[in-house]
>>> print(open('upload.cif').read())   # mmCIF, C-alpha atoms and all ligand atoms
data_structure
loop_
_atom_site.label_atom_id
_atom_site.label_comp_id
_atom_site.auth_asym_id
_atom_site.auth_seq_id
_atom_site.Cartn_x
_atom_site.Cartn_y
_atom_site.Cartn_z
CA MET A 839 26.86 30.71 2.08
CA SER A 840 26.95 27.88 4.59
CA ALA A 841 28.74 24.63 3.66
CA VAL A 842 26.56 22.74 6.12
CA PHE A 843 23.91 20.42 4.61
CA GLY A 844 21.57 21.47 7.38
CA ARG A 845 18.07 20.57 8.50
CA ALA A 846 16.50 23.99 8.89
CA PRO A 847 16.18 26.86 6.38
CA GLU A 848 17.08 29.53 8.92
CA PRO A 849 18.65 27.90 11.95
CA LEU A 850 19.49 29.98 14.99
CA MET A 851 23.23 30.22 15.68
CA ALA A 852 23.67 28.57 19.08
CA VAL A 853 26.59 29.84 21.14
CA SER A 854 26.19 28.54 24.68
CA ALA A 855 23.79 26.74 26.99
CA SER A 856 23.23 26.38 30.71
CA ARG A 857 20.57 24.38 32.60
CA CYS A 858 17.26 25.19 30.79
CA TRP A 859 18.57 28.02 28.61
CA ILE A 860 20.26 28.30 25.19
CA THR A 861 21.89 31.58 24.07
CA ASP A 862 22.29 32.50 20.40
CA ALA A 863 24.83 34.66 18.58
CA LEU A 864 22.64 37.75 19.04
CA GLY A 865 22.70 37.21 22.79
CA ILE A 866 19.02 36.14 22.90
CA ARG A 867 18.29 33.58 25.61
CA TYR A 868 15.77 30.86 24.79
CA LEU A 869 13.98 28.78 27.39
CA ASP A 870 14.50 25.23 26.13
CA ALA A 871 11.01 23.87 26.82
CA SER A 872 11.48 20.83 24.64
CA GLY A 873 15.08 19.88 25.52
CA GLY A 874 15.77 19.91 21.77
CA ALA A 875 13.74 16.95 20.53
CA VAL A 876 13.04 15.84 24.14
CA VAL A 877 16.71 14.97 24.67
CA THR A 878 18.13 17.12 27.47
CA GLY A 879 17.16 15.65 30.85
CA ILE A 880 19.81 16.80 33.30
CA GLY A 881 20.07 20.31 31.82
CA HIS A 882 22.75 21.92 29.68
CA GLY A 883 26.34 22.66 30.66
CA ARG A 884 26.69 20.21 33.54
CA LYS A 885 30.32 20.23 34.66
CA GLU A 886 30.17 16.71 36.12
CA VAL A 887 29.48 15.24 32.67
CA ILE A 888 32.06 17.38 30.91
CA GLU A 889 34.70 16.36 33.47
CA ALA A 890 33.79 12.66 33.22
CA LEU A 891 34.03 12.80 29.43
CA THR A 892 37.33 14.64 29.44
CA ALA A 893 38.86 12.27 32.01
CA GLN A 894 37.71 9.25 30.00
CA LEU A 895 39.15 10.56 26.73
CA GLU A 896 42.45 11.31 28.45
CA GLN A 897 42.66 7.80 29.85
CA LEU A 898 41.24 5.70 26.99
CA ASP A 899 39.71 7.25 23.89
CA TYR A 900 38.65 4.42 21.63
CA VAL A 901 38.90 0.66 21.31
CA HIS A 902 37.07 -1.62 18.91
CA ALA A 903 34.41 -3.74 20.57
CA SER A 904 35.33 -6.83 18.54
CA ALA A 905 38.56 -7.01 20.56
CA PHE A 906 38.01 -5.00 23.75
CA THR A 907 35.65 -4.10 26.49
CA SER A 908 36.58 -1.40 29.02
CA GLY A 909 36.09 -0.81 32.73
CA ILE A 910 33.75 2.11 32.14
CA THR A 911 31.63 0.20 29.59
CA GLU A 912 31.26 -2.68 32.06
CA GLU A 913 30.43 -0.32 34.92
CA TYR A 914 27.92 1.72 32.91
CA CYS A 915 26.08 -1.31 31.52
CA ARG A 916 25.86 -2.81 35.02
CA SER A 917 24.30 0.44 36.27
CA VAL A 918 21.79 0.55 33.42
CA ALA A 919 20.87 -3.10 34.00
CA GLU A 920 19.99 -2.17 37.59
CA VAL A 921 17.42 0.46 36.58
CA VAL A 922 15.73 -1.02 33.47
CA PRO A 923 12.56 -3.13 33.84
CA VAL A 924 14.10 -5.92 31.72
CA THR A 925 14.96 -9.25 33.40
CA ASP A 926 18.75 -9.92 33.59
CA ALA A 927 19.32 -7.11 31.12
CA ARG A 928 22.23 -7.09 28.68
CA ILE A 929 23.08 -3.72 27.21
CA TYR A 930 24.42 -3.09 23.68
CA PRO A 931 25.47 0.60 23.51
CA VAL A 932 25.32 2.28 20.09
CA SER A 933 25.31 5.84 18.72
CA GLY A 934 21.65 6.84 18.86
CA GLY A 935 18.00 5.83 18.83
CA SER A 936 17.86 4.70 15.19
CA GLU A 937 20.90 2.46 15.59
CA ALA A 938 19.38 1.02 18.75
CA THR A 939 16.16 0.28 16.85
CA GLU A 940 18.07 -1.45 14.04
CA THR A 941 20.00 -3.50 16.59
CA VAL A 942 16.89 -4.60 18.44
CA LEU A 943 15.11 -5.56 15.19
CA LYS A 944 18.01 -7.88 14.39
CA MET A 945 18.04 -9.26 17.94
CA ALA A 946 14.34 -10.17 17.63
CA ARG A 947 14.87 -11.83 14.26
CA ALA A 948 17.97 -13.68 15.45
CA TYR A 949 16.17 -14.89 18.59
CA GLN A 950 13.23 -16.36 16.67
CA ALA A 951 15.62 -18.06 14.22
CA ALA A 952 17.73 -19.45 17.09
CA LEU A 953 14.60 -21.00 18.60
CA GLY A 954 13.82 -22.76 15.32
CA ARG A 955 11.10 -20.32 14.22
CA PRO A 956 12.61 -18.73 11.08
CA GLU A 957 9.14 -18.06 9.63
CA ARG A 958 8.70 -15.39 12.34
CA SER A 959 10.38 -12.51 10.54
CA VAL A 960 7.77 -9.71 10.43
CA VAL A 961 7.89 -6.93 12.98
CA VAL A 962 4.65 -5.12 13.82
CA GLY A 963 4.48 -1.48 14.89
CA LEU A 964 1.74 1.08 15.47
CA GLU A 965 0.17 3.09 12.65
CA ALA A 966 1.10 6.39 14.32
CA SER A 967 4.67 5.79 15.44
CA TYR A 968 8.27 6.84 15.01
CA HIS A 969 11.32 4.69 15.70
CA GLY A 970 14.04 6.38 13.63
CA ASN A 971 15.07 7.34 10.12
CA THR A 972 17.45 4.55 9.08
CA LEU A 973 15.72 2.15 6.70
CA GLY A 974 14.76 -0.63 9.12
CA ALA A 975 13.62 1.87 11.75
CA LEU A 976 11.75 3.89 9.10
CA ASP A 977 10.00 0.74 7.89
CA LEU A 978 8.86 0.14 11.44
CA SER A 979 7.63 3.74 11.74
CA GLY A 980 4.08 4.54 10.71
CA ARG A 981 4.69 8.11 9.60
CA PRO A 982 3.49 8.56 5.97
CA GLN A 983 5.31 11.87 5.32
CA LEU A 984 8.66 10.45 6.39
CA ARG A 985 8.16 7.19 4.49
CA ALA A 986 6.80 8.64 1.22
CA PRO A 987 10.07 9.41 -0.64
CA TYR A 988 11.51 5.99 0.23
CA GLU A 989 8.37 3.84 0.06
CA SER A 990 9.77 1.63 -2.70
CA TRP A 991 12.57 0.57 -0.31
CA LEU A 992 10.15 -0.24 2.51
CA GLY A 993 7.36 -2.73 3.20
CA ARG A 994 8.77 -5.62 5.21
CA PHE A 995 6.87 -4.69 8.38
CA ARG A 996 3.19 -4.16 9.24
CA HIS A 997 1.31 -1.54 11.24
CA VAL A 998 -1.77 -1.78 13.42
CA PRO A 999 -3.88 0.83 15.25
CA LEU A 1000 -3.72 1.17 19.02
CA ASP A 1001 -6.28 -1.59 19.46
CA ILE A 1002 -5.82 -4.96 21.12
CA GLY A 1003 -8.28 -6.77 18.84
CA ARG A 1004 -6.46 -5.59 15.70
CA LEU A 1005 -3.10 -6.57 17.16
CA GLU A 1006 -4.39 -10.03 18.00
CA GLU A 1007 -5.69 -10.51 14.43
CA ASP A 1008 -2.23 -9.64 13.15
CA LEU A 1009 -0.38 -11.90 15.57
CA ASN A 1010 -2.69 -14.77 14.58
CA ARG A 1011 -0.95 -14.82 11.19
CA GLY A 1012 1.94 -16.65 12.86
CA ASP A 1013 4.76 -14.81 11.06
CA VAL A 1014 5.45 -12.12 13.68
CA ALA A 1015 8.82 -11.95 15.45
CA ALA A 1016 8.15 -8.88 17.59
CA PHE A 1017 5.74 -6.07 18.38
CA VAL A 1018 7.31 -2.64 18.96
CA ALA A 1019 5.73 0.50 20.42
CA GLU A 1020 6.46 3.54 22.53
CA PRO A 1021 4.81 3.21 25.96
CA ILE A 1022 3.46 6.76 25.53
CA SER A 1023 3.50 8.25 22.06
CA GLY A 1024 6.16 10.92 21.58
CA ALA A 1025 6.19 13.16 18.51
CA SER A 1026 3.70 11.05 16.52
CA ARG A 1027 0.64 11.58 18.75
CA ALA A 1028 1.99 14.21 21.18
CA ALA A 1029 2.13 12.35 24.51
CA GLU A 1030 -1.09 10.44 23.95
CA ILE A 1031 -1.51 7.91 26.76
CA PRO A 1032 -2.99 4.49 25.90
CA PRO A 1033 -5.97 3.15 27.88
CA ASP A 1034 -4.97 1.62 31.26
CA ASP A 1035 -5.57 -1.96 30.14
CA TYR A 1036 -3.65 -1.63 26.85
CA TRP A 1037 -0.10 -2.52 27.93
CA PRO A 1038 -0.94 -5.44 30.25
CA ALA A 1039 -3.10 -6.88 27.44
CA VAL A 1040 -0.30 -6.42 24.89
CA ALA A 1041 2.16 -8.20 27.19
CA GLU A 1042 -0.22 -11.13 27.67
CA LEU A 1043 -0.94 -11.36 23.94
CA CYS A 1044 2.74 -11.33 22.98
CA ARG A 1045 3.54 -14.02 25.54
CA ARG A 1046 0.69 -16.24 24.28
CA HIS A 1047 1.81 -15.85 20.63
CA GLN A 1048 5.59 -16.29 21.23
CA VAL A 1049 6.07 -12.73 19.97
CA LEU A 1050 8.77 -10.59 21.58
CA LEU A 1051 7.59 -7.40 23.25
CA VAL A 1052 9.82 -4.44 22.40
CA VAL A 1053 9.37 -1.08 24.07
CA ASP A 1054 10.84 2.04 22.48
CA GLU A 1055 11.88 4.28 25.38
CA VAL A 1056 14.00 6.67 23.31
CA MET A 1057 11.79 9.60 24.32
CA THR A 1058 10.18 8.27 27.50
CA GLY A 1059 13.25 6.74 29.18
CA PHE A 1060 15.60 7.92 31.92
CA GLY A 1061 13.05 9.68 34.10
CA ARG A 1062 11.18 11.74 31.51
CA THR A 1063 7.66 10.56 32.44
CA GLY A 1064 8.15 10.52 36.21
CA ARG A 1065 9.25 6.87 36.29
CA TRP A 1066 12.65 5.59 35.25
CA PHE A 1067 11.00 4.15 32.14
CA GLY A 1068 7.56 4.88 30.67
CA ILE A 1069 6.45 1.25 30.58
CA GLU A 1070 6.77 1.12 34.39
CA HIS A 1071 3.49 3.05 34.63
CA TRP A 1072 1.88 -0.28 33.66
CA ASN A 1073 4.24 -2.70 35.47
CA VAL A 1074 5.14 -4.47 32.25
CA SER A 1075 8.56 -6.03 31.66
CA PRO A 1076 9.55 -6.04 27.96
CA ASP A 1077 11.85 -8.57 26.27
CA LEU A 1078 13.77 -5.87 24.45
CA MET A 1079 14.09 -2.16 24.94
CA ILE A 1080 15.30 0.75 22.78
CA CYS A 1081 16.84 3.83 24.45
CA GLY A 1082 18.57 7.02 23.35
CA LYS A 1083 18.11 10.74 23.98
CA GLY A 1084 17.89 11.06 27.81
CA ALA A 1085 20.46 8.26 28.28
CA SER A 1086 23.21 10.78 27.52
CA SER A 1087 21.08 13.93 27.76
CA GLY A 1088 22.66 14.99 24.45
CA TYR A 1089 26.26 15.19 25.71
CA TRP A 1090 27.31 12.27 23.50
CA PRO A 1091 25.58 10.39 20.64
CA LEU A 1092 24.36 7.39 22.64
CA GLY A 1093 21.68 4.76 22.13
CA LEU A 1094 21.10 1.50 23.95
CA ALA A 1095 19.71 -1.77 22.61
CA ILE A 1096 18.68 -3.79 25.64
CA ALA A 1097 17.89 -7.52 25.67
CA SER A 1098 16.64 -9.77 28.44
CA GLY A 1099 19.01 -12.46 29.72
CA ARG A 1100 16.84 -15.10 28.00
CA ILE A 1101 17.41 -13.44 24.61
CA TYR A 1102 21.10 -12.96 25.26
CA GLU A 1103 21.48 -16.64 26.19
CA ALA A 1104 19.88 -17.63 22.88
CA ILE A 1105 21.78 -15.32 20.52
CA GLY A 1106 24.60 -13.55 22.38
CA GLU A 1107 27.50 -15.62 21.14
CA ASN A 1108 26.42 -15.64 17.49
CA PHE A 1109 24.76 -12.27 17.01
CA VAL A 1110 25.84 -11.04 13.55
CA HIS A 1111 25.95 -7.24 13.90
CA GLY A 1112 28.23 -4.36 14.83
CA PHE A 1113 29.09 -0.68 14.41
CA THR A 1114 32.50 0.97 14.55
CA TYR A 1115 31.37 3.23 17.38
CA SER A 1116 29.36 0.77 19.46
CA HIS A 1117 30.43 0.24 23.12
CA HIS A 1118 32.39 3.52 23.04
CA PRO A 1119 34.18 4.26 26.34
CA ALA A 1120 33.41 7.96 26.08
CA GLY A 1121 29.71 7.25 25.59
CA ALA A 1122 29.76 5.01 28.64
CA ALA A 1123 31.49 7.70 30.71
CA VAL A 1124 28.88 10.26 29.73
CA GLY A 1125 26.02 7.80 30.25
CA LYS A 1126 27.31 6.92 33.71
CA ALA A 1127 27.71 10.58 34.75
CA VAL A 1128 24.17 11.32 33.52
CA LEU A 1129 22.75 8.31 35.36
CA ASP A 1130 24.53 9.39 38.56
CA ILE A 1131 23.03 12.88 38.31
CA ILE A 1132 19.51 11.50 37.70
CA GLU A 1133 19.89 9.32 40.81
CA SER A 1134 21.65 11.72 43.15
CA GLU A 1135 19.40 14.69 42.32
CA GLY A 1136 16.17 12.68 42.38
CA LEU A 1137 15.30 13.75 38.83
CA VAL A 1138 12.78 10.95 38.26
CA GLU A 1139 10.72 12.29 41.17
CA ALA A 1140 11.38 15.85 39.98
CA ALA A 1141 9.91 14.97 36.56
CA ALA A 1142 6.73 13.69 38.23
CA ARG A 1143 6.44 16.74 40.53
CA GLN A 1144 7.34 19.47 38.03
CA GLY A 1145 5.31 17.75 35.31
CA ALA A 1146 2.18 17.91 37.46
CA LEU A 1147 2.86 21.58 38.23
CA LEU A 1148 3.48 22.44 34.56
CA ARG A 1149 0.35 20.61 33.41
CA SER A 1150 -1.87 22.35 35.93
CA ARG A 1151 -0.39 25.77 35.13
CA LEU A 1152 -0.93 25.13 31.40
CA GLU A 1153 -4.53 24.07 31.96
CA GLU A 1154 -5.23 27.20 34.04
CA SER A 1155 -3.54 29.59 31.69
CA LEU A 1156 -4.27 28.23 28.20
CA GLY A 1157 -7.90 27.31 28.89
CA ASP A 1158 -10.04 26.88 25.81
CA ARG A 1159 -7.37 28.26 23.48
CA VAL A 1160 -6.14 24.64 23.20
CA ILE A 1161 -7.97 21.35 22.65
CA ASP A 1162 -6.11 19.16 25.14
CA VAL A 1163 -3.18 19.20 27.56
CA ARG A 1164 -1.94 15.70 28.41
CA GLY A 1165 1.07 13.58 29.25
CA LYS A 1166 2.99 12.08 32.10
CA GLY A 1167 5.81 13.72 34.04
CA LEU A 1168 7.68 16.20 31.87
CA LEU A 1169 6.48 14.74 28.57
CA ILE A 1170 3.51 16.94 27.78
CA GLY A 1171 1.49 17.26 24.59
CA ILE A 1172 -0.73 20.24 23.77
CA GLU A 1173 -3.27 19.62 21.05
CA LEU A 1174 -4.16 22.75 19.11
CA ASP A 1175 -6.56 24.08 16.57
CA ALA A 1176 -3.57 25.60 14.72
CA ASP A 1177 -0.58 24.66 12.59
CA PRO A 1178 2.05 23.51 15.10
CA ARG A 1179 4.84 25.06 12.99
CA ALA A 1180 3.18 28.47 13.35
CA VAL A 1181 3.11 27.99 17.13
CA VAL A 1182 6.75 26.89 17.14
CA SER A 1183 7.81 30.08 15.36
CA ALA A 1184 5.58 32.35 17.46
CA ALA A 1185 7.06 30.73 20.57
CA ARG A 1186 10.56 31.26 19.25
CA ALA A 1187 9.77 34.96 18.86
CA GLN A 1188 8.89 34.92 22.58
CA GLY A 1189 12.24 33.27 23.46
CA LEU A 1190 10.69 29.84 23.95
CA LEU A 1191 11.65 26.57 22.22
CA VAL A 1192 8.88 23.97 21.74
CA TYR A 1193 8.72 20.90 19.48
CA PRO A 1194 6.11 20.31 16.75
CA ALA A 1195 4.29 16.96 16.70
CA ALA A 1196 3.14 15.06 13.60
CA ILE A 1197 -0.48 15.96 14.43
CA PRO A 1198 -1.76 19.52 15.18
CA ALA A 1199 0.00 19.63 18.53
CA ILE A 1200 3.22 20.66 20.19
CA LEU A 1201 5.33 18.67 22.58
CA LEU A 1202 6.96 20.01 25.74
CA GLY A 1203 9.87 18.14 27.31
CA PRO A 1204 11.99 20.61 29.29
CA PRO A 1205 15.06 19.53 31.25
CA LEU A 1206 14.01 17.68 34.42
CA VAL A 1207 15.81 20.35 36.46
CA ILE A 1208 13.29 23.05 35.46
CA THR A 1209 12.38 25.28 38.42
CA ASP A 1210 8.98 26.61 39.49
CA ALA A 1211 9.96 30.10 38.29
CA GLU A 1212 11.01 28.72 34.90
CA ILE A 1213 7.68 26.89 34.64
CA ASP A 1214 5.93 30.25 35.14
CA GLN A 1215 8.08 31.81 32.41
CA LEU A 1216 7.37 28.89 30.09
CA VAL A 1217 3.61 29.19 30.54
CA ASP A 1218 3.62 33.01 30.15
CA ARG A 1219 5.69 32.84 26.96
CA LEU A 1220 3.58 30.05 25.47
CA SER A 1221 0.42 31.94 26.30
CA ALA A 1222 1.78 35.02 24.53
CA ALA A 1223 2.78 32.89 21.52
CA LEU A 1224 -0.73 31.44 21.29
CA ASP A 1225 -2.16 34.97 21.35
CA GLN A 1226 -0.13 35.69 18.21
CA THR A 1227 -1.26 32.61 16.28
C1 LIG B 1 10.55 7.11 20.01
C2 LIG B 1 11.76 7.33 19.17
N1 LIG B 1 12.45 6.26 18.71
C3 LIG B 1 13.56 6.40 17.96
C4 LIG B 1 14.04 7.65 17.62
C5 LIG B 1 15.27 7.79 16.77
O1 LIG B 1 16.33 8.27 17.53
P1 LIG B 1 17.55 9.03 16.85
O2 LIG B 1 17.02 10.31 16.28
O3 LIG B 1 18.52 9.22 17.98
O4 LIG B 1 18.11 8.14 15.79
C6 LIG B 1 13.36 8.79 18.07
C7 LIG B 1 13.83 10.14 17.73
O5 LIG B 1 13.14 11.11 17.80
C8 LIG B 1 12.18 8.62 18.88
O6 LIG B 1 11.51 9.68 19.34
#
>>> encode(input="upload.cif", output="structure tokens")
Amino acid sequence: MSAVFGRAPEPLMAVSASRCWITDALGIRYLDASGGAVVTGIGHGRKEVIEALTAQLEQLDYVHASAFTSGITEEYCRSVAEVVPVTDARIYPVSGGSEATETVLKMARAYQAALGRPERSVVVGLEASYHGNTLGALDLSGRPQLRAPYESWLGRFRHVPLDIGRLEEDLNRGDVAAFVAEPISGASRAAEIPPDDYWPAVAELCRRHQVLLVVDEVMTGFGRTGRWFGIEHWNVSPDLMICGKGASSGYWPLGLAIASGRIYEAIGENFVHGFTYSHHPAGAAVGKAVLDIIESEGLVEAAARQGALLRSRLEESLGDRVIDVRGKGLLIGIELDADPRAVVSAARAQGLLVYPAAIPAILLGPPLVITDAEIDQLVDRLSAALDQT
């Protein structure tokens, strides 16, 4: 019997991983077409990251952020500030996407209070959305199945459909601190892309109503959609940003809460918050090594190029066995007339790992280093899996 309080009834026993492949204890190699839960961007087993992490731990393992900063934390945050579409960005590194969401929620609340608007305490999210499983992040998430067991602990925040008119009605109530959404839906709506005028209209509406615009880039950030950040497809600059997953590509538990300089100026000195493992030097070393690989190997461009290839191969090969193939870059959703969990297990039997969405759909998010030959293998294996379901 396992002593692990696990998440899956019959998990595979992972033994090793390299680039786009994971090998289990039986020696079966799986093509990691979802990068776990759309986490792995630079590919598995990258020596540069392992060496950077080891060197950092040898030099300086841990210091508490209430007393110390470190050279690597300063250097990493400077590098992130250069690539994010946030003006004069200030980076607060934490241990994952949910912690980053919690941190940003507090930043929004603290900012409105600092500007003498304490009545602005509600945060608005989308009806179909996911921002994490800690209680504040779960309250922001519009996912009924995840909320149901804890509903009596939730209810501070509101949810609106993906509709500008409905958002405006909500903002008119005058109690909203911030609006939060993913630029392109991840697991909730399987890479559904909003209409072209949606994000510019949201930005204008938030500005007019003194509501902070928060973009959750946990899944879409760090090159995944063929731009550094998903919101850049619409040339919008958010006030706050939430990152995770691709920031460390899974090599270290890392999330980033990112505030504009204007927000930092208003709350930075007095922000009441903190985690034991925030601003961790090892996380910064991993994040920096990952960022360097994304830049030096042109992985943002690779995501755009390989994403277009993968989408067209899927469309050719899957045809009318699926309802829709959509997405940007290497974040691709496939809407199905089938239970996504059945497709996930049929794919696994073909040596292919895909991720189920909250709707009848699967999500693909392979490492950005996926090759043309691996794209062919992915499509052939998925096609065979669909034949079985
Ligand atoms: C868009 C989005 N936000 C937040 C989170 C939460 O991140 P984490 O699981 O690292 O806490 C996720 C995780 O899937 C996500 O997809």
>>> closest_atom_pairs(input="upload.cif", of="chain A", to="ligand LIG 1 (chain B)", cutoff="7 Å", atoms="only C-alpha atoms and all ligand atoms", output="JSON lines")
{"residue": "A:Ala875", "atom": "CA", "partner": "B:LIG1", "partner_atom": "O5", "distance": 6.5}
{"residue": "A:Gly934", "atom": "CA", "partner": "B:LIG1", "partner_atom": "O3", "distance": 4.0}
{"residue": "A:Gly935", "atom": "CA", "partner": "B:LIG1", "partner_atom": "O1", "distance": 3.2}
{"residue": "A:Ser936", "atom": "CA", "partner": "B:LIG1", "partner_atom": "O4", "distance": 3.5}
{"residue": "A:Glu937", "atom": "CA", "partner": "B:LIG1", "partner_atom": "O4", "distance": 6.3}
{"residue": "A:Thr939", "atom": "CA", "partner": "B:LIG1", "partner_atom": "C3", "distance": 6.7}
{"residue": "A:Tyr968", "atom": "CA", "partner": "B:LIG1", "partner_atom": "C2", "distance": 5.5}
{"residue": "A:His969", "atom": "CA", "partner": "B:LIG1", "partner_atom": "N1", "distance": 3.6}
{"residue": "A:Gly970", "atom": "CA", "partner": "B:LIG1", "partner_atom": "C5", "distance": 3.7}
{"residue": "A:Asn971", "atom": "CA", "partner": "B:LIG1", "partner_atom": "O4", "distance": 6.5}
{"residue": "A:Glu1020", "atom": "CA", "partner": "B:LIG1", "partner_atom": "C1", "distance": 6.0}
{"residue": "A:Gly1024", "atom": "CA", "partner": "B:LIG1", "partner_atom": "O6", "distance": 5.9}
{"residue": "A:Ala1025", "atom": "CA", "partner": "B:LIG1", "partner_atom": "O6", "distance": 6.4}
{"residue": "A:Asp1054", "atom": "CA", "partner": "B:LIG1", "partner_atom": "C1", "distance": 5.6}
{"residue": "A:Glu1055", "atom": "CA", "partner": "B:LIG1", "partner_atom": "C1", "distance": 6.2}
{"residue": "A:Val1056", "atom": "CA", "partner": "B:LIG1", "partner_atom": "C2", "distance": 4.8}
{"residue": "A:Met1057", "atom": "CA", "partner": "B:LIG1", "partner_atom": "O6", "distance": 5.0}
{"residue": "A:Gly1082", "atom": "CA", "partner": "B:LIG1", "partner_atom": "O3", "distance": 5.8}
{"residue": "A:Lys1083", "atom": "CA", "partner": "B:LIG1", "partner_atom": "O3", "distance": 6.2}
{"residue": "A:Gly1093", "atom": "CA", "partner": "B:LIG1", "partner_atom": "O3", "distance": 6.9}
>>> residues_around(input="upload.cif", residues="A:Ala1123", least_positions_apart="6", cutoff="10 Å", atoms="only C-alpha atoms", output="list in words")
Val887, Ile888, Glu889, Ala890, Leu891, Thr892, Ala893, Gln894, Leu895, Gly909, Ile910, Thr911, Glu913, Tyr914, Ser1086, Trp1090 and Leu1129 of chain A
>>> closest_residue(input="upload.cif", among="A:Ala852, A:Ala1146, A:Leu869, A:Ala863", to="A:Pro1205", atoms="all atoms listed in the file")
A:Leu869
>>> closest_residue(input="upload.cif", among="A:Ala871, A:Ala946, A:Ala919, A:Met839", to="A:Arg1186", atoms="all atoms listed in the file")
A:Ala871
>>> residues_around(input="upload.cif", residues="A:Pro1032", least_positions_apart="3", cutoff="10 Å", atoms="only C-alpha atoms", output="short mmCIF file (atom, residue, chain, number, x, y, z; two decimals) with C-alpha atoms, in the frame of the given file")
data_model
loop_
_atom_site.label_atom_id
_atom_site.label_comp_id
_atom_site.auth_asym_id
_atom_site.auth_seq_id
_atom_site.Cartn_x
_atom_site.Cartn_y
_atom_site.Cartn_z
CA LEU A 1000 -3.72 1.17 19.02
CA ASP A 1001 -6.28 -1.59 19.46
CA PRO A 1021 4.81 3.21 25.96
CA ILE A 1022 3.46 6.76 25.53
CA SER A 1023 3.50 8.25 22.06
CA ALA A 1029 2.13 12.35 24.51
CA ASP A 1035 -5.57 -1.96 30.14
CA TYR A 1036 -3.65 -1.63 26.85
CA TRP A 1037 -0.10 -2.52 27.93
#
>>> residues_around(input="upload.cif", residues="A:Asp1130", least_positions_apart="6", cutoff="10 Å", atoms="all atoms listed in the file", output="PyMOL selection string")
chain A and resi 886-887+917+1124+1136
>>> atom_distance(input="upload.cif", atom1="atom CA of A:Arg1027", atom2="atom CA of A:Asp1162")
12.0 Å
>>> closest_residue(input="upload.cif", among="A:Trp1066, A:Phe1017, A:Tyr988, A:Tyr949", to="A:Arg1100", atoms="only C-alpha atoms")
A:Tyr949
>>> residues_around(input="upload.cif", residues="A:Val960", least_positions_apart="2", cutoff="12 Å", atoms="only C-alpha atoms", output="number ranges by chain")
A: 943-944, 946-947, 950, 955-958, 962-963, 974, 977-978, 993-997, 1008-1009, 1011-1018, 1049-1050
>>> residues_near_point(input="upload.cif", point="(-1.6, -1.8, 29.5)", cutoff="10 Å", atoms="only C-alpha atoms", output="ChimeraX atom specification")
/A:1002,1021,1032-1042,1069,1071-1074
>>> atom_distance(input="upload.cif", atom1="atom CA of A:Glu940", atom2="atom CA of A:Ala1095")
8.7 Å
>>> residues_around(input="upload.cif", residues="A:Thr907", least_positions_apart="5", cutoff="12 Å", atoms="only C-alpha atoms", output="PDB file with C-alpha atoms, keeping the file's coordinate frame")
ATOM      1  CA  LEU A 898      41.240   5.700  26.990  1.00  0.00           C
ATOM      2  CA  TYR A 900      38.650   4.420  21.630  1.00  0.00           C
ATOM      3  CA  VAL A 901      38.900   0.660  21.310  1.00  0.00           C
ATOM      4  CA  HIS A 902      37.070  -1.620  18.910  1.00  0.00           C
ATOM      5  CA  GLU A 912      31.260  -2.680  32.060  1.00  0.00           C
ATOM      6  CA  GLU A 913      30.430  -0.320  34.920  1.00  0.00           C
ATOM      7  CA  TYR A 914      27.920   1.720  32.910  1.00  0.00           C
ATOM      8  CA  CYS A 915      26.080  -1.310  31.520  1.00  0.00           C
ATOM      9  CA  TYR A 930      24.420  -3.090  23.680  1.00  0.00           C
ATOM     10  CA  PRO A 931      25.470   0.600  23.510  1.00  0.00           C
ATOM     11  CA  SER A1116      29.360   0.770  19.460  1.00  0.00           C
ATOM     12  CA  HIS A1117      30.430   0.240  23.120  1.00  0.00           C
ATOM     13  CA  HIS A1118      32.390   3.520  23.040  1.00  0.00           C
ATOM     14  CA  PRO A1119      34.180   4.260  26.340  1.00  0.00           C
ATOM     15  CA  ALA A1122      29.760   5.010  28.640  1.00  0.00           C
TER      16      ALA A1122
END
